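Structure file structure.txt (compact mmCIF, C-alpha atoms) is printed below.
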# COMPACT_ATOMS: atom_id res chain seq x y z
CA MET A 1 150.04 90.19 40.01
CA ARG A 2 149.04 86.66 39.29
CA ALA A 3 152.14 85.45 41.03
CA ARG A 4 151.16 87.48 44.10
CA SER A 5 147.64 86.07 44.09
CA VAL A 6 149.02 82.60 43.79
CA ALA A 7 151.35 83.35 46.69
CA TRP A 8 148.44 84.60 48.87
CA TRP A 9 146.36 81.55 48.09
CA ALA A 10 149.34 79.44 48.78
CA LEU A 11 149.52 81.01 52.29
CA TRP A 12 145.80 80.65 53.02
CA PRO A 13 146.41 78.29 55.96
CA VAL A 14 148.11 81.24 57.63
CA TRP A 15 145.84 84.20 56.96
CA VAL A 16 142.39 82.54 56.84
CA PRO A 17 142.44 81.58 60.54
CA ALA A 18 143.63 85.09 61.37
CA VAL A 19 140.76 86.62 59.39
CA ALA A 20 138.31 84.21 61.02
CA VAL A 21 139.58 85.19 64.46
CA LEU A 22 139.25 88.86 63.56
CA ALA A 23 135.70 88.39 62.26
CA ALA A 24 134.74 86.45 65.36
CA SER A 25 136.23 89.17 67.53
CA LEU A 26 134.28 91.84 65.68
CA ALA A 27 131.06 89.83 65.95
CA GLY A 28 131.65 89.25 69.64
CA TYR A 29 132.32 92.95 70.18
CA VAL A 30 129.14 93.92 68.33
CA TRP A 31 127.10 91.36 70.30
CA LEU A 32 128.54 92.39 73.64
CA ASN A 33 128.05 96.06 72.86
CA GLY A 34 124.44 95.44 71.85
CA THR A 35 123.85 93.39 74.98
CA ASN A 36 125.33 96.11 77.18
CA VAL A 37 123.24 98.76 75.50
CA GLY A 38 120.10 96.66 76.02
CA ARG A 39 121.02 95.96 79.62
CA GLN A 40 121.73 99.62 80.21
CA ALA A 41 118.35 100.54 78.78
CA GLN A 42 116.68 97.91 80.98
CA VAL A 43 118.48 99.19 84.07
CA GLN A 44 117.54 102.76 83.19
CA LYS A 45 113.91 101.70 82.83
CA GLU A 46 113.97 99.95 86.20
CA VAL A 47 115.58 103.00 87.81
CA THR A 48 112.84 105.21 86.35
CA GLN A 49 110.15 102.85 87.64
CA LEU A 50 111.74 102.76 91.09
CA LYS A 51 111.95 106.55 91.20
CA ALA A 52 108.26 106.76 90.27
CA ARG A 53 107.41 104.25 93.00
CA VAL A 54 109.47 106.15 95.57
CA ALA A 55 107.72 109.38 94.59
CA HIS A 56 104.33 107.62 94.96
CA LEU A 57 105.28 106.28 98.40
CA GLU A 58 106.47 109.72 99.48
CA ALA A 59 103.14 111.19 98.34
CA LEU A 60 101.28 108.50 100.32
CA ASP A 61 103.42 109.25 103.37
CA ARG A 62 102.64 112.97 103.10
CA GLU A 63 98.93 112.17 102.73
CA ALA A 64 99.05 109.81 105.72
CA SER A 65 100.81 112.49 107.79
CA SER A 66 98.17 115.01 106.76
CA ASN A 67 95.39 112.56 107.65
CA ARG A 68 96.98 111.86 111.03
CA ALA A 69 97.17 115.59 111.76
CA ALA A 70 93.54 115.99 110.69
CA MET A 71 92.49 113.08 112.93
CA VAL A 72 94.33 114.58 115.90
CA LYS A 73 92.59 117.91 115.31
CA LEU A 74 89.22 116.19 114.85
CA ASP A 75 89.70 114.23 118.06
CA HIS A 76 90.58 117.44 119.90
CA ASP A 77 87.55 119.23 118.41
CA LEU A 78 85.27 116.32 119.29
CA HIS A 79 86.46 116.36 122.87
CA SER A 80 85.85 120.10 122.99
CA VAL A 81 82.35 119.71 121.53
CA TYR A 82 81.74 116.70 123.77
CA GLY A 83 82.53 118.79 126.84
CA SER A 84 80.74 121.94 125.70
CA ILE A 85 77.51 120.23 124.57
CA PHE A 86 77.13 117.60 127.29
CA GLY A 87 79.16 119.31 130.02
CA SER A 88 78.74 118.57 133.70
CA LEU A 89 75.61 118.52 135.84
CA SER A 90 76.67 121.52 137.91
CA GLU A 91 77.34 123.55 134.75
CA ARG A 92 74.20 122.60 132.86
CA LEU A 93 71.50 122.25 135.51
CA PRO A 94 70.78 126.01 135.74
CA GLY A 95 70.50 126.24 131.96
CA ILE A 96 68.27 123.16 131.80
CA LEU A 97 65.88 124.51 134.43
CA LYS A 98 65.91 127.94 132.78
CA ALA A 99 65.08 126.38 129.39
CA ILE A 100 62.17 124.42 130.87
CA GLY A 101 60.91 127.46 132.75
CA SER A 102 61.16 129.67 129.67
CA SER A 103 59.39 127.09 127.48
CA THR A 104 56.49 126.64 129.89
CA GLN A 105 56.19 130.42 130.35
CA LYS A 106 55.97 130.96 126.59
CA ALA A 107 53.14 128.44 126.49
CA GLY A 108 51.35 130.12 129.41
CA LEU A 109 51.89 127.09 131.62
CA PHE A 110 53.40 126.58 135.05
CA PRO A 111 55.57 123.51 135.77
CA GLU A 112 55.08 121.65 139.02
CA ARG A 113 56.41 118.65 140.88
CA TYR A 114 59.93 118.42 139.51
CA SER A 115 61.67 115.09 140.03
CA TYR A 116 65.03 113.83 138.78
CA ASN A 117 66.69 110.55 137.91
CA ALA A 118 70.07 109.52 136.53
CA LYS A 119 71.57 106.45 134.93
CA ARG A 120 74.98 105.60 133.57
CA ASP A 121 75.09 104.86 129.85
CA GLU A 122 78.04 102.48 129.60
CA LYS A 123 77.84 102.30 125.82
CA LEU A 124 78.17 106.07 125.34
CA ASP A 125 80.25 106.59 128.49
CA LEU A 126 77.83 109.35 129.53
CA VAL A 127 75.33 110.01 132.30
CA ARG A 128 71.70 110.10 131.21
CA PHE A 129 69.97 112.68 133.38
CA GLY A 130 66.18 112.87 133.46
CA ILE A 131 63.70 115.49 134.65
CA ARG A 132 59.98 114.89 135.13
CA PHE A 133 57.47 117.69 135.63
CA SER A 134 53.76 118.25 135.15
CA VAL A 135 51.71 121.04 133.61
CA SER A 136 47.99 121.66 133.08
CA GLY A 137 46.71 123.37 129.95
CA ASN A 138 44.86 122.99 126.70
CA TYR A 139 46.04 121.33 123.51
CA VAL A 140 47.31 124.57 121.96
CA GLN A 141 49.38 125.40 125.03
CA ILE A 142 50.92 121.95 125.08
CA ARG A 143 51.87 122.29 121.43
CA LYS A 144 53.49 125.64 122.19
CA LEU A 145 55.38 124.05 125.05
CA LEU A 146 56.77 121.27 122.87
CA ALA A 147 57.68 123.80 120.16
CA ALA A 148 59.51 125.95 122.72
CA LEU A 149 61.43 122.92 123.99
CA GLN A 150 62.31 122.11 120.39
CA ALA A 151 63.75 125.61 119.95
CA SER A 152 65.66 125.45 123.22
CA PRO A 153 69.46 125.67 123.05
CA GLU A 154 69.63 122.75 125.50
CA PHE A 155 69.90 119.18 124.25
CA PHE A 156 66.69 117.40 125.29
CA ILE A 157 65.03 114.07 124.56
CA VAL A 158 61.30 113.88 125.27
CA ASP A 159 61.04 110.22 126.12
CA GLN A 160 57.68 110.13 127.86
CA LEU A 161 54.41 112.06 127.67
CA ARG A 162 51.46 111.14 129.85
CA LEU A 163 48.23 112.88 129.01
CA GLY A 164 45.10 113.06 131.12
CA GLY A 165 41.92 115.09 131.43
CA GLU A 166 38.25 114.88 132.16
CA ALA A 167 36.24 113.49 129.27
CA GLY A 168 33.24 115.58 128.29
CA THR A 169 34.39 118.74 130.06
CA MET A 170 34.00 122.06 128.28
CA THR A 171 37.40 123.40 129.31
CA ASN A 172 39.46 120.87 127.32
CA GLN A 173 42.10 121.09 130.01
CA LEU A 174 44.78 118.41 129.87
CA LYS A 175 47.09 117.25 132.58
CA ILE A 176 50.41 116.32 131.04
CA SER A 177 53.40 114.70 132.69
CA ILE A 178 56.60 115.18 130.69
CA HIS A 179 59.84 113.32 131.14
CA LEU A 180 62.89 114.93 129.52
CA SER A 181 66.34 113.39 129.30
CA THR A 182 69.72 114.80 128.43
CA TYR A 183 73.28 113.50 128.50
CA LEU A 184 76.09 114.68 130.72
CA ALA A 185 79.80 114.19 130.24
CA LYS A 186 80.21 114.05 134.00
CA ALA A 187 78.12 114.49 137.12
CA ASP A 188 79.02 115.73 140.59
CA GLU A 189 78.27 112.72 142.81
CA MET A 190 77.19 114.85 145.78
CA LEU A 191 74.88 117.06 143.70
CA LEU A 192 73.49 114.04 141.89
CA LYS A 193 72.80 112.28 145.19
CA ARG A 194 70.96 115.32 146.54
CA LEU A 195 68.77 115.47 143.43
CA THR A 196 68.17 111.82 142.66
CA GLY A 197 69.42 109.81 145.60
CA GLY A 198 71.96 108.11 143.33
CA PHE A 199 72.12 106.36 140.00
CA ASP A 200 69.20 104.25 138.83
CA GLN A 201 70.41 100.66 138.52
CA THR A 202 67.40 99.31 136.61
CA PRO A 203 67.99 98.49 132.92
CA SER A 204 66.59 100.97 130.45
CA LYS A 205 63.45 99.95 128.57
CA GLY A 206 62.98 100.52 124.86
CA ARG A 207 60.46 103.21 124.07
CA SER A 208 59.64 105.68 121.34
CA GLN A 209 61.64 108.85 121.85
CA ARG A 210 61.43 112.37 120.54
CA ARG A 211 64.54 114.49 120.53
CA THR A 212 64.36 118.21 121.12
CA GLY A 213 66.96 120.90 121.35
CA SER A 214 69.87 121.75 119.09
Let me see the file written as structure tokens.
Amino acid sequence: MRARSVAWWALWPVWVPAVAVLAASLAGYVWLNGTNVGRQAQVQKEVTQLKARVAHLEALDREASSNRAAMVKLDHDLHSVYGSIFGSLSERLPGILKAIGSSTQKAGLFPERYSYNAKRDEKLDLVRFGIRFSVSGNYVQIRKLLAALQASPEFFIVDQLRLGGEAGTMTNQLKISIHLSTYLAKADEMLLKRLTGGFDQTPSKGRSQRRTGS
């Protein structure tokens, strides 16, 4: 046995380099394998993150599509409401006059001296149509009139009230001139010209306004 050991040690220049090469190969294999495993884990993590990002983007796209559909529907509904509420002069004039007549009748008053005016509202892209009329009555009747206009299904703005009467009289009768305005989506030029003579070109003046109607 000792002779064999001596023989092995005698051949160490042969087998030691071979063992060193083997050990280096094993170490390299272990290192490469560990690196590949780590890289694989990193790639898997990145793939998972990308999948999560793609899923998030798809959810955003679905939400954006839903919002676009909702906006299209809202725009359609607004145009429908826009047309049904404001309408045209020929469609709404009978209802406007009926609402004024009904309101004055409920208050026990009689309207007189109707006059009309119209102006383009460039900002709103609408026609502002005005009606002025006068009534005579007491304070209670006038309050009833304004309340009836408030309850009217027509869209009105009371933008001017002019009160008058004889001081010291026992009747407490008031003469009131009322100017109502409403908005129209469109106006028949011929009908408008017959009523008002055409659009008022003077700039609108700021004033306190009271809106009535629903």
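Here atom CA of Ser134 of chain A stands at a distance of 4.3 Å from atom CA of Ser177 of chain A.
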With all atoms listed in the file as the basis for distance, which of A:Phe133, A:Tyr183, A:Phe86, A:Phe156 is at the shortest distance from Arg120 of chain A? A:Tyr183
Near-segment 94-105 of chain A list (8 Å; all atoms listed in the file; drop same-chain fewer than 2 positions) as a PyMOL selection string: chain A and resi 90-92+107-111+145-146+148-149+152-154
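Considering the residues A:Ile131, A:Ile142, A:Leu192, A:Ala147 and counting all atoms listed in the file, Asp159 of chain A has its shortest atom-to-atom contact with A:Ile131.
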Tell me which protein, DNA and RNA residues are within 6 Å of Arg128 of chain A, counting only C-alpha atoms, leaving out same-chain ones fewer than 3 positions away, and put them as a ChimeraX atom specification. /A:118-119,182-183
Write out, as an mmCIF file, in the coordinates of the input, the residues just selected, with C-alpha atoms.
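Saved file out-v2.cif follows:
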data_model
loop_
_atom_site.group_PDB
_atom_site.id
_atom_site.type_symbol
_atom_site.label_atom_id
_atom_site.label_comp_id
_atom_site.auth_asym_id
_atom_site.auth_seq_id
_atom_site.Cartn_x
_atom_site.Cartn_y
_atom_site.Cartn_z
ATOM 1 C CA ALA A 118 70.070 109.520 136.530
ATOM 2 C CA LYS A 119 71.570 106.450 134.930
ATOM 3 C CA THR A 182 69.720 114.800 128.430
ATOM 4 C CA TYR A 183 73.280 113.500 128.500
#
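Between atom CA of Lys45 of chain A and atom CA of Arg62 of chain A the interatomic distance comes to 25.8 Å.
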Closest of A:Ala187, A:Asn138, A:Leu180, A:Lys144 to Leu163 of chain A, counting only C-alpha atoms, is A:Asn138
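Residues surrounding Asp200 of chain A within 12 Å are Tyr116, Asn117, Ala118, Lys119, Arg120, Asp121, Val127, Arg128, Phe129, Gly130, Leu192, Lys193, Thr196, Gly197, Gly198, Thr202, Pro203 and Ser204 of chain A [all atoms listed in the file; sequence separation below 2 positions excluded].
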Using the selection just defined, write its residues with C-alpha atoms as a PDB file, keeping the file's coordinate frame.
ATOM      1  CA  TYR A 116      65.030 113.830 138.780  1.00  0.00           C
ATOM      2  CA  ASN A 117      66.690 110.550 137.910  1.00  0.00           C
ATOM      3  CA  ALA A 118      70.070 109.520 136.530  1.00  0.00           C
ATOM      4  CA  LYS A 119      71.570 106.450 134.930  1.00  0.00           C
ATOM      5  CA  ARG A 120      74.980 105.600 133.570  1.00  0.00           C
ATOM      6  CA  ASP A 121      75.090 104.860 129.850  1.00  0.00           C
ATOM      7  CA  VAL A 127      75.330 110.010 132.300  1.00  0.00           C
ATOM      8  CA  ARG A 128      71.700 110.100 131.210  1.00  0.00           C
ATOM      9  CA  PHE A 129      69.970 112.680 133.380  1.00  0.00           C
ATOM     10  CA  GLY A 130      66.180 112.870 133.460  1.00  0.00           C
ATOM     11  CA  LEU A 192      73.490 114.040 141.890  1.00  0.00           C
ATOM     12  CA  LYS A 193      72.800 112.280 145.190  1.00  0.00           C
ATOM     13  CA  THR A 196      68.170 111.820 142.660  1.00  0.00           C
ATOM     14  CA  GLY A 197      69.420 109.810 145.600  1.00  0.00           C
ATOM     15  CA  GLY A 198      71.960 108.110 143.330  1.00  0.00           C
ATOM     16  CA  THR A 202      67.400  99.310 136.610  1.00  0.00           C
ATOM     17  CA  PRO A 203      67.990  98.490 132.920  1.00  0.00           C
ATOM     18  CA  SER A 204      66.590 100.970 130.450  1.00  0.00           C
TER      19      SER A 204
END
Distance of atom CA of Ile157 of chain A from atom CA of Ala185 of chain A, expressed in Å to one decimal place: 15.8 Å
Looking at A:Leu195, A:Met190, A:Leu50, A:Val135, which one is nearest to Leu174 of chain A, with distances taken over only C-alpha atoms? A:Val135
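With only C-alpha atoms as the atoms that count, the minimum distance from Gln141 of chain A to the choices A:Lys51, A:Lys73, A:Lys175, A:Arg68 is reached by A:Lys175.
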